[in-house]
file structure37.cif (mmCIF, C-alpha atoms)
data_final
#
loop_
_atom_site.label_atom_id
_atom_site.label_comp_id
_atom_site.auth_asym_id
_atom_site.auth_seq_id
_atom_site.Cartn_x
_atom_site.Cartn_y
_atom_site.Cartn_z
CA MET A 79 210.74 157.88 61.09
CA SER A 80 212.49 159.42 58.15
CA GLU A 81 211.44 159.08 54.51
CA SER A 82 214.85 157.61 53.69
CA PHE A 83 214.29 154.86 56.24
CA TYR A 84 211.06 153.81 54.52
CA HIS A 85 212.70 153.88 51.11
CA GLU A 86 215.51 151.56 52.24
CA TYR A 87 213.11 149.44 54.23
CA LYS A 88 210.81 148.84 51.26
CA LYS A 89 213.80 148.07 49.08
CA GLU A 90 215.10 145.52 51.60
CA ARG A 91 211.66 143.96 51.91
CA LYS A 92 211.30 143.63 48.13
CA LEU A 93 214.75 142.10 47.71
CA SER A 94 214.46 139.64 50.59
CA GLY A 95 210.90 138.54 49.96
CA LYS A 96 210.49 138.30 53.74
CA THR A 97 208.11 139.92 56.18
CA LEU A 98 210.06 142.80 57.66
CA MET A 99 209.27 145.11 60.52
CA LYS A 100 211.11 147.69 62.56
CA ALA A 101 211.23 147.82 66.37
CA VAL A 102 211.37 151.43 67.54
CA PRO A 103 211.10 152.96 71.05
CA ILE A 104 207.75 154.70 71.52
CA ASP A 105 206.08 156.68 74.28
CA ILE A 106 204.36 154.71 77.03
CA ARG A 107 200.63 155.34 76.75
CA TRP A 108 199.10 152.77 79.05
CA HIS A 109 195.35 152.47 79.62
CA GLU A 110 192.97 149.99 81.28
CA GLY A 111 192.53 148.09 78.02
CA LEU A 112 196.15 146.90 78.17
CA PRO A 113 197.83 144.40 80.54
CA VAL A 114 198.77 146.02 83.85
CA PHE A 115 202.34 144.73 83.36
CA ALA A 116 202.71 147.24 80.51
CA SER A 117 202.05 150.24 82.79
CA GLU A 118 204.90 152.64 83.50
CA SER A 119 204.44 152.48 87.27
CA PHE A 120 204.92 148.71 87.22
CA LEU A 121 207.82 148.68 84.76
CA LYS A 122 209.61 151.36 86.78
CA ALA A 123 209.14 149.41 90.02
CA VAL A 124 210.73 146.18 88.78
CA SER A 125 213.64 147.38 86.65
CA ASP A 126 216.53 149.76 86.25
CA GLU A 127 215.58 150.72 82.71
CA TYR A 128 212.33 150.18 80.84
CA GLY A 129 210.20 151.25 77.90
CA TRP A 130 207.95 150.23 75.05
CA LEU A 131 209.03 149.07 71.62
CA GLY A 132 206.60 149.62 68.77
CA GLY A 133 206.53 147.38 65.71
CA PHE A 134 206.07 149.38 62.48
CA ASP A 135 205.47 148.10 58.99
CA ASP A 136 206.83 149.81 55.87
CA SER A 137 203.88 152.19 55.71
CA GLY A 138 204.60 153.47 59.22
CA GLN A 139 201.61 151.76 60.80
CA LEU A 140 202.03 150.60 64.39
CA LEU A 141 201.15 146.90 64.43
CA CYS A 142 202.26 145.86 67.90
CA ILE A 143 203.75 146.90 71.23
CA LEU A 144 206.26 145.10 73.42
CA PRO A 145 207.01 146.55 76.87
CA PHE A 146 210.50 145.69 78.15
CA THR A 147 212.66 145.96 81.23
CA ILE A 148 216.43 145.92 81.58
CA ILE A 149 217.88 144.67 84.85
CA LYS A 150 221.46 145.43 85.84
CA LYS A 151 223.27 142.96 88.08
CA LEU A 152 227.00 143.26 88.66
CA SER A 153 228.41 143.57 85.12
CA PHE A 154 225.31 142.07 83.45
CA LYS A 155 222.46 143.75 81.60
CA PHE A 156 219.50 141.40 81.35
CA VAL A 157 216.41 142.03 79.25
CA ARG A 158 213.20 140.62 80.69
CA PHE A 159 209.72 140.89 79.23
CA ARG A 160 206.82 141.19 81.69
CA VAL A 161 204.15 140.54 79.08
CA GLU A 162 204.05 139.16 75.55
CA THR A 163 203.79 141.13 72.30
CA ILE A 164 200.54 143.15 72.31
CA PRO A 165 198.87 143.42 68.85
CA GLN A 166 197.50 146.83 67.89
CA VAL A 167 195.68 145.72 64.75
CA GLU A 168 193.46 142.82 63.81
CA ASN A 169 195.06 139.95 61.90
CA PHE A 170 198.56 140.68 63.21
CA SER A 171 200.31 137.62 61.81
CA VAL A 172 202.81 135.29 63.45
CA ASP A 173 205.27 136.06 60.63
CA GLU A 174 204.98 139.77 61.40
CA GLU A 175 205.54 139.13 65.08
CA LYS A 176 208.63 137.03 64.38
CA ALA A 177 210.04 139.77 62.12
CA PHE A 178 209.34 142.30 64.87
CA LEU A 179 211.12 140.19 67.50
CA ASN A 180 214.11 139.82 65.17
CA SER A 181 214.30 143.61 64.98
CA CYS A 182 214.00 143.81 68.78
CA LEU A 183 217.26 141.88 69.06
CA ASP A 184 219.02 144.60 67.08
CA PHE A 185 217.61 147.23 69.42
CA PHE A 186 218.79 145.45 72.55
CA ARG A 187 222.23 144.87 71.10
CA SER A 188 222.42 148.62 70.47
CA LYS A 189 221.62 149.08 74.18
CA LYS A 190 224.62 146.84 75.03
CA ALA A 191 222.36 144.28 76.72
CA HIS A 192 223.87 140.83 77.23
CA VAL A 193 221.06 138.28 77.58
CA ILE A 194 217.31 138.18 77.06
CA ILE A 195 216.32 135.95 79.96
CA PRO A 196 213.03 134.00 80.10
CA ALA A 197 210.01 136.26 80.46
CA THR A 198 207.72 136.15 83.47
CA THR A 199 205.42 133.14 83.29
CA ASN A 200 202.34 135.20 82.44
CA SER A 201 204.01 136.02 79.09
CA ILE A 202 203.02 133.51 76.41
CA PHE A 203 204.57 134.45 73.06
CA ARG A 204 203.14 133.11 69.80
CA THR A 205 206.65 132.84 68.33
CA TYR A 206 210.29 133.69 69.04
CA PRO A 207 213.15 135.36 67.16
CA GLU A 208 215.79 133.64 65.08
CA GLY A 209 218.66 132.39 67.24
CA ALA A 210 216.58 132.17 70.41
CA ILE A 211 216.24 129.02 72.52
CA ALA A 212 212.54 128.33 73.06
CA ALA A 213 210.29 125.98 74.95
CA PRO A 214 206.55 125.34 74.71
CA TYR A 215 204.53 126.94 77.47
CA GLY A 216 200.92 127.81 78.15
CA THR A 217 198.27 129.14 80.51
CA TYR A 218 194.60 128.64 81.31
CA ILE A 219 192.40 131.66 80.63
CA ILE A 220 188.76 132.07 81.67
CA ASN A 221 186.46 134.35 79.66
CA LEU A 222 184.74 136.46 82.34
CA ARG A 223 182.19 137.83 79.90
CA GLN A 224 180.15 134.67 80.39
CA PRO A 225 177.26 134.61 82.89
CA GLU A 226 178.24 133.63 86.43
CA GLU A 227 176.14 130.46 86.30
CA VAL A 228 178.06 129.38 83.18
CA LEU A 229 181.39 130.06 84.88
CA TRP A 230 180.26 127.92 87.82
CA HIS A 231 179.01 125.13 85.57
CA ASN A 232 182.33 125.09 83.68
CA ILE A 233 184.21 124.24 86.88
CA GLU A 234 184.89 120.52 87.21
CA ARG A 235 182.41 118.73 89.50
CA ILE A 236 184.85 117.66 92.24
CA THR A 237 186.28 121.18 92.40
CA ARG A 238 182.76 122.58 92.84
CA GLN A 239 182.22 120.11 95.68
CA ASN A 240 185.49 121.21 97.29
CA ILE A 241 184.39 124.85 97.12
CA LYS A 242 181.04 124.04 98.72
CA ARG A 243 182.77 122.04 101.45
CA ALA A 244 185.05 124.95 102.29
CA ILE A 245 182.00 127.21 102.58
CA ASN A 246 180.26 124.69 104.86
CA LEU A 247 183.36 124.47 107.04
CA GLY A 248 183.22 128.24 107.54
CA VAL A 249 186.12 129.35 105.31
CA THR A 250 185.79 133.01 104.33
CA VAL A 251 187.60 135.10 101.71
CA ARG A 252 188.41 138.81 101.96
CA GLU A 253 190.75 141.45 100.59
CA ALA A 254 193.95 141.74 102.63
CA LYS A 255 196.36 144.08 100.86
CA GLU A 256 197.39 145.49 104.25
CA GLU A 257 198.74 142.03 105.15
CA SER A 258 201.53 142.06 102.58
CA GLN A 259 204.13 140.85 105.10
CA ALA A 260 202.02 137.84 106.15
CA ALA A 261 201.13 137.10 102.53
CA TYR A 262 204.79 137.27 101.54
CA GLU A 263 205.83 134.85 104.29
CA LEU A 264 203.22 132.25 103.35
CA ILE A 265 204.07 132.53 99.65
CA ARG A 266 207.79 132.22 100.41
CA GLN A 267 207.19 129.13 102.58
CA THR A 268 205.10 127.56 99.82
CA PHE A 269 207.85 128.14 97.28
CA LYS A 270 210.39 126.72 99.73
CA ARG A 271 208.40 123.49 100.10
CA SER A 272 208.86 123.03 96.35
CA ASN A 273 212.57 123.95 96.53
CA LEU A 274 211.96 127.14 94.57
CA PRO A 275 213.52 130.54 95.30
CA PHE A 276 211.36 133.59 95.89
CA MET A 277 212.15 137.29 95.87
CA SER A 278 213.07 139.32 98.98
CA PHE A 279 210.35 141.11 100.90
CA GLY A 280 211.75 144.43 99.71
CA ALA A 281 211.39 143.34 96.08
CA PHE A 282 207.91 141.99 96.80
CA GLN A 283 206.84 145.31 98.30
CA LYS A 284 208.21 147.21 95.30
CA TYR A 285 206.26 144.84 93.05
CA MET A 286 203.04 145.59 94.93
CA ASP A 287 203.76 149.32 95.01
CA GLY A 288 204.29 149.25 91.24
CA LEU A 289 200.87 147.66 90.76
CA GLY A 290 199.27 150.28 93.01
CA GLN A 291 195.49 150.17 92.79
CA HIS A 292 195.80 147.43 90.19
CA GLY A 293 197.28 145.01 92.72
CA LEU A 294 195.15 142.92 95.06
CA ILE A 295 195.78 140.35 97.79
CA LEU A 296 192.97 137.97 98.69
CA LYS A 297 193.05 135.89 101.86
CA ALA A 298 191.17 132.70 102.72
CA GLU A 299 190.86 132.20 106.45
CA HIS A 300 189.31 129.70 108.82
CA GLN A 301 188.71 130.29 112.52
CA GLY A 302 190.95 133.34 112.36
CA LEU A 303 193.88 131.55 110.74
CA ALA A 304 195.23 132.24 107.25
CA GLN A 305 194.75 129.31 104.91
CA SER A 306 195.79 130.86 101.60
CA TYR A 307 196.94 134.18 100.15
CA VAL A 308 196.93 135.00 96.43
CA VAL A 309 198.39 138.10 94.77
CA PHE A 310 196.51 139.38 91.73
CA ALA A 311 197.49 141.99 89.14
CA TYR A 312 194.66 143.32 86.99
CA SER A 313 193.19 145.89 84.65
CA GLN A 314 190.09 145.70 82.49
CA TYR A 315 192.18 143.73 79.99
CA ARG A 316 192.87 140.75 82.26
CA ALA A 317 193.32 139.60 85.86
CA TYR A 318 196.43 137.53 86.60
CA ALA A 319 196.77 135.20 89.58
CA VAL A 320 200.45 135.92 90.08
CA TYR A 321 201.67 134.39 93.36
CA ALA A 322 199.96 132.01 95.78
CA GLY A 323 200.80 130.69 99.21
CA ASN A 324 198.97 127.95 101.10
CA SER A 325 199.20 126.78 104.68
CA ALA A 326 200.85 123.37 105.02
CA ASN A 327 197.73 122.24 106.93
CA MET A 328 195.21 124.12 104.83
CA THR A 329 191.51 123.59 105.44
CA PRO A 330 190.22 121.48 102.50
CA GLY A 331 189.03 123.57 99.57
CA ALA A 332 190.13 126.91 101.03
CA ASN A 333 192.33 127.90 98.11
CA LYS A 334 189.72 126.76 95.57
CA LEU A 335 187.10 128.91 97.27
CA LEU A 336 189.54 131.85 97.13
CA TYR A 337 189.97 131.46 93.37
CA TRP A 338 186.22 131.19 92.80
CA GLU A 339 185.62 134.36 94.81
CA ALA A 340 188.36 136.06 92.78
CA ILE A 341 186.71 135.03 89.51
CA LYS A 342 183.39 136.50 90.66
CA LEU A 343 185.06 139.68 91.94
CA PHE A 344 186.90 140.40 88.70
CA LYS A 345 183.77 139.71 86.69
CA ARG A 346 181.92 142.32 88.78
CA LEU A 347 184.75 144.77 88.16
CA GLY A 348 184.32 144.41 84.41
CA VAL A 349 187.59 142.56 83.78
CA LYS A 350 187.45 140.65 80.49
CA ASP A 351 189.59 137.58 81.24
CA TYR A 352 191.10 135.70 84.16
CA ASP A 353 194.58 134.17 83.75
CA PHE A 354 195.90 131.40 86.02
CA VAL A 355 199.46 132.32 84.92
CA GLY A 356 201.52 129.60 83.44
CA VAL A 357 201.41 125.83 82.97
CA ARG A 358 203.89 123.46 81.43
CA ILE A 359 202.82 121.61 78.31
CA ASN A 360 202.42 117.84 78.74
CA PRO A 361 203.97 117.66 82.21
CA GLU A 362 205.14 114.31 83.51
CA LYS A 363 202.22 112.31 84.88
CA GLY A 364 202.12 112.36 88.67
CA SER A 365 204.53 115.29 88.98
CA LYS A 366 203.88 118.50 90.91
CA GLN A 367 203.61 120.32 87.60
CA ASP A 368 200.99 117.85 86.43
CA ALA A 369 198.98 118.39 89.62
CA LEU A 370 199.24 122.17 89.24
CA SER A 371 198.12 122.01 85.62
CA SER A 372 195.12 119.86 86.55
CA PHE A 373 194.20 122.23 89.39
CA LYS A 374 194.06 125.17 86.96
CA LYS A 375 192.37 123.21 84.20
CA HIS A 376 189.53 122.17 86.50
CA PHE A 377 188.34 125.79 86.80
CA GLY A 378 187.13 125.60 83.21
CA GLY A 379 189.59 127.86 81.42
CA GLN A 380 190.85 127.54 77.86
CA LEU A 381 194.42 126.32 77.42
CA VAL A 382 196.40 128.89 75.43
CA GLN A 383 199.70 127.50 74.11
CA GLY A 384 202.74 129.39 72.95
CA TYR A 385 206.40 129.76 73.84
CA ILE A 386 208.74 131.03 76.48
CA TRP A 387 212.26 131.83 75.24
CA LYS A 388 215.68 133.32 75.90
CA CYS A 389 218.41 134.66 73.65
CA SER A 390 222.12 135.40 73.80
CA LEU A 391 223.17 138.92 72.83
CA ASN A 392 226.74 138.50 74.12
CA PRO A 393 228.21 134.97 73.94
CA VAL A 394 230.60 135.36 76.90
CA LYS A 395 228.00 136.87 79.24
CA TYR A 396 225.45 134.30 78.10
CA ARG A 397 227.75 131.42 79.08
CA LEU A 398 228.22 132.98 82.51
CA TYR A 399 224.45 133.42 82.86
CA LYS A 400 223.90 129.73 82.03
CA LEU A 401 226.46 128.66 84.65
CA ALA A 402 224.86 130.86 87.29
CA ALA A 403 221.35 129.59 86.48
CA ARG A 404 222.54 126.00 86.63
CA PHE A 405 224.25 126.58 89.99
CA ARG A 406 221.25 128.41 91.45
CA SER A 407 218.40 126.12 90.42
CA GLY A 408 219.64 123.57 87.90
CA GLY A 409 218.88 125.88 84.97
CA ASP A 410 216.07 128.20 83.99
CA ILE A 411 212.56 127.27 82.84
CA VAL A 412 213.58 127.21 79.16
CA ASP A 413 216.33 124.71 79.98
CA ALA A 414 213.80 122.55 81.81
CA GLU A 415 211.24 122.55 78.98
CA LYS A 416 213.17 122.98 75.70
CA HIS A 417 213.37 119.22 75.06
CA LYS A 418 209.62 119.30 74.33
CA MET A 419 210.21 121.36 71.16
CA ALA A 420 211.06 118.14 69.33
CA ASP A 421 207.61 116.78 70.20
CA LEU A 422 205.97 119.83 68.64
CA LYS A 423 207.89 119.41 65.40
CA SER A 424 207.28 115.68 65.07
#
call {"tool": "encode", "arguments": {"input": "structure37.cif", "output": "structure tokens"}}
result
Amino acid sequence: MSESFYHEYKKERKLSGKTLMKAVPIDIRWHEGLPVFASESFLKAVSDEYGWLGGFDDSGQLLCILPFTIIKKLSFKFVRFRVETIPQVENFSVDEEKAFLNSCLDFFRSKKAHVIIPATTNSIFRTYPEGAIAAPYGTYIINLRQPEEVLWHNIERITRQNIKRAINLGVTVREAKEESQAAYELIRQTFKRSNLPFMSFGAFQKYMDGLGQHGLILKAEHQGLAQSYVVFAYSQYRAYAVYAGNSANMTPGANKLLYWEAIKLFKRLGVKDYDFVGVRINPEKGSKQDALSSFKKHFGGQLVQGYIWKCSLNPVKYRLYKLAARFRSGGDIVDAEKHKMADLKS
């Protein structure tokens, strides 16, 4: 960046008294120590346009990275984040992240984007930019650097019993990336049972191709029949349990055994953390979301809370987006959860 930029930037910072940062496009330099969703092969597979934004302070130091994708549909240009802001220094503050996200809005407006839609559910932001609509969201993360016996002990007792029962019944777990069609069908059927849409098989295959060697499908089977498939995306940074599909008449404990085998596998591979990918905060007691949250919690992970958000960059296109989301599924995830923001502030 130019010397004149820094001069004006420092002046603006001094006058405003606020934390200011600048979001600037930077080269993609992915490595195993970063989330796989930041890799160029993945970003290219799931979007029409993509890149990394770097967050610079007034000394020119890179403090954070935010990979982005832009999706073009009809006359719309949607921005979607596939992972949250990635700090590049220790003690990267929430105020600095908020200032960075504010600057990101300016960048996307310059790209003539219309709406920043909710990020994928593995993306838990610590904050959100001014003018955004946000909702609390979280995920359960397991530290895989613990000994295996500690990981096992941390699993809730009934879940451990379920895993042992599945083993006694003869359920086995194996890698099955070559069964992407069968995995897709079971995942799609599982989503359908919950009245949720799922991507086309073509999009699913592109997703897997984008992950390449960092994508994995595990299969739990019993007496030759598929009980559960789970798609994982991973690097040394973290393993994400992205999509899961279970048979309607699944052998008891089969999916829990699959997750336990996945945890052990990623630990052996030297992966640092295991992410169950997304839970709602304080879900209604007895709801499907409450049951899903409890299922993930019982594996002994730490609940990490943050936000999921969206933002209008073009008022007219944003109104059309809201109408389409409401028609398609009653609204997006931010619409469903934003009422909980009042609880956080009270």
call {"tool": "atom_distance", "arguments": {"input": "structure37.cif", "atom1": "atom CA of A:Asn240", "atom2": "atom CA of A:Gln305"}}
result
14.5 Å
call {"tool": "resolve_selection", "arguments": {"input": "structure37.cif", "expression": "the PyMOL selection byres ((chain A and resi 105) around 12)", "output": "PyMOL selection string"}}
result
chain A and resi 102-104+106-108+116-118+128-132+143-145
call {"tool": "resolve_selection", "arguments": {"input": "structure37.cif", "expression": "the PyMOL selection byres ((chain A and resi 388-404) around 7)", "output": "list in words"}}
result
Arg187, Ala191, His192, Val193, Ile194, Ile195, Pro196, Gly209, Ala210, Ile211, Ala212, Trp387, Phe405, Arg406, Ser407, Gly408, Gly409 and Asp410 of chain A
call {"tool": "residues_around", "arguments": {"input": "structure37.cif", "residues": "A:Asn221", "least_positions_apart": "2", "cutoff": "9 Å", "atoms": "all atoms listed in the file", "output": "list in words"}}
result
Ile219, Arg223, Gln224, Leu229, Lys350, Asp351, Tyr352, Gly379 and Gln380 of chain A
call {"tool": "closest_residue", "arguments": {"input": "structure37.cif", "among": "A:Ala326, A:Ile386, A:Val251, A:Ala304", "to": "A:Ala340", "atoms": "all atoms listed in the file"}}
result
A:Val251
call {"tool": "closest_residue", "arguments": {"input": "structure37.cif", "among": "A:Phe146, A:Asp287, A:Ala322, A:Cys182", "to": "A:Tyr337", "atoms": "all atoms listed in the file"}}
result
A:Ala322
call {"tool": "closest_residue", "arguments": {"input": "structure37.cif", "among": "A:Arg346, A:Arg204, A:Lys255, A:Lys284", "to": "A:Val161", "atoms": "all atoms listed in the file"}}
result
A:Arg204
call {"tool": "resolve_selection", "arguments": {"input": "structure37.cif", "expression": "the PyMOL selection byres ((chain A and resi 275) around 12)", "output": "list of chain:residue names"}}
result
A:Ile265, A:Arg266, A:Gln267, A:Thr268, A:Phe269, A:Lys270, A:Arg271, A:Ser272, A:Asn273, A:Leu274, A:Phe276, A:Met277, A:Ser278, A:Ala403, A:Arg406, A:Ser407, A:Gly408, A:Asp410
call {"tool": "residues_around", "arguments": {"input": "structure37.cif", "residues": "stretch 360-375 of chain A", "least_positions_apart": "5", "cutoff": "9 Å", "atoms": "all atoms listed in the file", "output": "tab-separated table (two decimals) with C-alpha atoms, in the frame of the given file"}}
result
chain	number	residue	atom	x	y	z
A	217	THR	CA	198.27	129.14	80.51
A	218	TYR	CA	194.60	128.64	81.31
A	233	ILE	CA	184.21	124.24	86.88
A	234	GLU	CA	184.89	120.52	87.21
A	237	THR	CA	186.28	121.18	92.40
A	272	SER	CA	208.86	123.03	96.35
A	334	LYS	CA	189.72	126.76	95.57
A	354	PHE	CA	195.90	131.40	86.02
A	380	GLN	CA	190.85	127.54	77.86
A	381	LEU	CA	194.42	126.32	77.42
A	418	LYS	CA	209.62	119.30	74.33
call {"tool": "residues_near_point", "arguments": {"input": "structure37.cif", "point": "(203.7, 135.1, 104.1)", "cutoff": "10 Å", "atoms": "all atoms listed in the file", "output": "PyMOL selection string"}}
result
chain A and resi 257-268+279+304+306-307+322-325
call {"tool": "closest_residue", "arguments": {"input": "structure37.cif", "among": "A:Gly280, A:Lys416, A:His376, A:Leu183", "to": "A:Ile236", "atoms": "all atoms listed in the file"}}
result
A:His376
call {"tool": "closest_residue", "arguments": {"input": "structure37.cif", "among": "A:Glu256, A:Lys155, A:Ile241, A:Cys142", "to": "A:Asn169", "atoms": "all atoms listed in the file"}}
result
A:Cys142
